[in-house]
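Below is one structure, written out as structure tokens, with a few remarks after it.
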Amino acid sequence: MPKQAIHTSEAPAAIGAYSQAIKAGDTVYISGQIPLDPLSGDICSPEIRDQIHQVFKNMRAVATAAGGTLADAVKVTVYLTDLGNFASVNEIMAEYFPQPFPARAALEISALPKGSLVEADAILSL
């Protein structure tokens, strides 16, 4: 099955040796999105709620570039530097993903790129 790299200027450019997403058949694998502003390349805000919103906005932009929407998400993984922010992720995620919600895992980790407080990746089925 051929792979297709997905890229959009509506989400931050990759900051390493990876693609924003890869489409293989009807499946899209969205790389981890941190709360970078796509225009400046900087973290959008020091506030966790702003960062969570930016992560899902970036993810939505990549999903759109792949020909889908966040409604096509079947699996989301969220990485937090403080699991105490889990309730905010739940609340904000419900604004971006319609029911039935995708399967999800949430993990607390020690650090994220560029000092981000949150990162998320997703798998879509188109």
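Residue numbering restarts at 1 for every chain of the structure tokens, chains are lettered A, B, ... in their displayed order, and ligands are numbered from 1 as they appear.
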Residues within 10 Å of Ala14 (chain A), only C-alpha atoms, excluding chain neighbours under 6 positions, as a PDB file with C-alpha atoms, in the first residue's frame:
```pdb
ATOM      1  CA  HIS A   7       1.364  18.682   4.723  1.00  0.00           C
ATOM      2  CA  GLN A  20       2.701  16.060   9.768  1.00  0.00           C
ATOM      3  CA  ALA A  21       0.762  12.936   8.812  1.00  0.00           C
ATOM      4  CA  SER A  31       2.036  12.961  14.134  1.00  0.00           C
ATOM      5  CA  GLY A  32       2.172  14.414  17.611  1.00  0.00           C
ATOM      6  CA  GLN A  33       0.970  17.992  17.636  1.00  0.00           C
TER       7      GLN A  33
END
```
Go through region 16-122 of chain A residue by residue and, counting only C-alpha atoms, keep those with an atom at most 8 Å from region 3-6 of chain A; for each kept residue give the shortest atom pair and its distance in Å to one decimal, ordered by chain and increasing number, as a tab-separated table.
```
residue	atom	partner	partner_atom	distance
A:Ser19	CA	A:Ala5	CA	6.2
A:Gln20	CA	A:Ile6	CA	6.1
A:Ala21	CA	A:Ile6	CA	5.0
A:Ile22	CA	A:Ala5	CA	4.7
A:Lys23	CA	A:Gln4	CA	5.1
A:Ala24	CA	A:Lys3	CA	4.8
A:Gly25	CA	A:Lys3	CA	7.7
A:Val62	CA	A:Ile6	CA	7.3
A:Ala65	CA	A:Ile6	CA	6.7
A:Ala66	CA	A:Ile6	CA	6.0
```
Per DSSP on the backbone, filter region 4-104 of chain A down to the residues in strand (DSSP E) and report them as a list in words.
-> Gln4, Ala5, Ile6, Ala21, Ile22, Lys23, Ala24, Thr27, Val28, Tyr29, Ile30, Ser31, Gly32, Gln33, Ala73, Val74, Lys75, Val76, Thr77, Val78, Tyr79, Leu80, Ala103 and Arg104 of chain A
I want to know what sits within 7 Å of Ala122 (chain A), based on only C-alpha atoms, with residues of the same chain fewer than 3 positions away left out; could you give that as a PDB file with C-alpha atoms, in the first residue's frame?
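Saved file around30.pdb follows:
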```pdb
ATOM      1  CA  TYR A  29      -1.619   8.705  11.087  1.00  0.00           C
ATOM      2  CA  ILE A  30      -1.292  12.243  12.479  1.00  0.00           C
ATOM      3  CA  ALA A  73     -10.549   9.935  14.538  1.00  0.00           C
ATOM      4  CA  LYS A  75      -7.682   6.753  18.354  1.00  0.00           C
ATOM      5  CA  VAL A  76      -6.122   9.741  20.118  1.00  0.00           C
ATOM      6  CA  THR A  77      -3.186   9.722  22.495  1.00  0.00           C
TER       7      THR A  77
END
```
Hey, which of A:Leu39, A:Met59, A:Ala11, A:Cys44 ends up closest to Lys114 (chain A)? Count only C-alpha atoms.
-> A:Cys44
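Straight-line separation from CA of Asp82 (chain A) to CA of Pro12 (chain A): 23.3 Å.
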Can you list, as a PyMOL selection string, every residue of region 31-126 of chain A that DSSP puts in helix (DSSP H, G or I)?
-> chain A and resi 48-65+70-72+83-96+113-115
With only C-alpha atoms as the basis for distance, which of A:Ile48, A:Ile15, A:Met1, A:Ile92 is at the shortest distance from Ser116 (chain A)?
-> A:Ile48
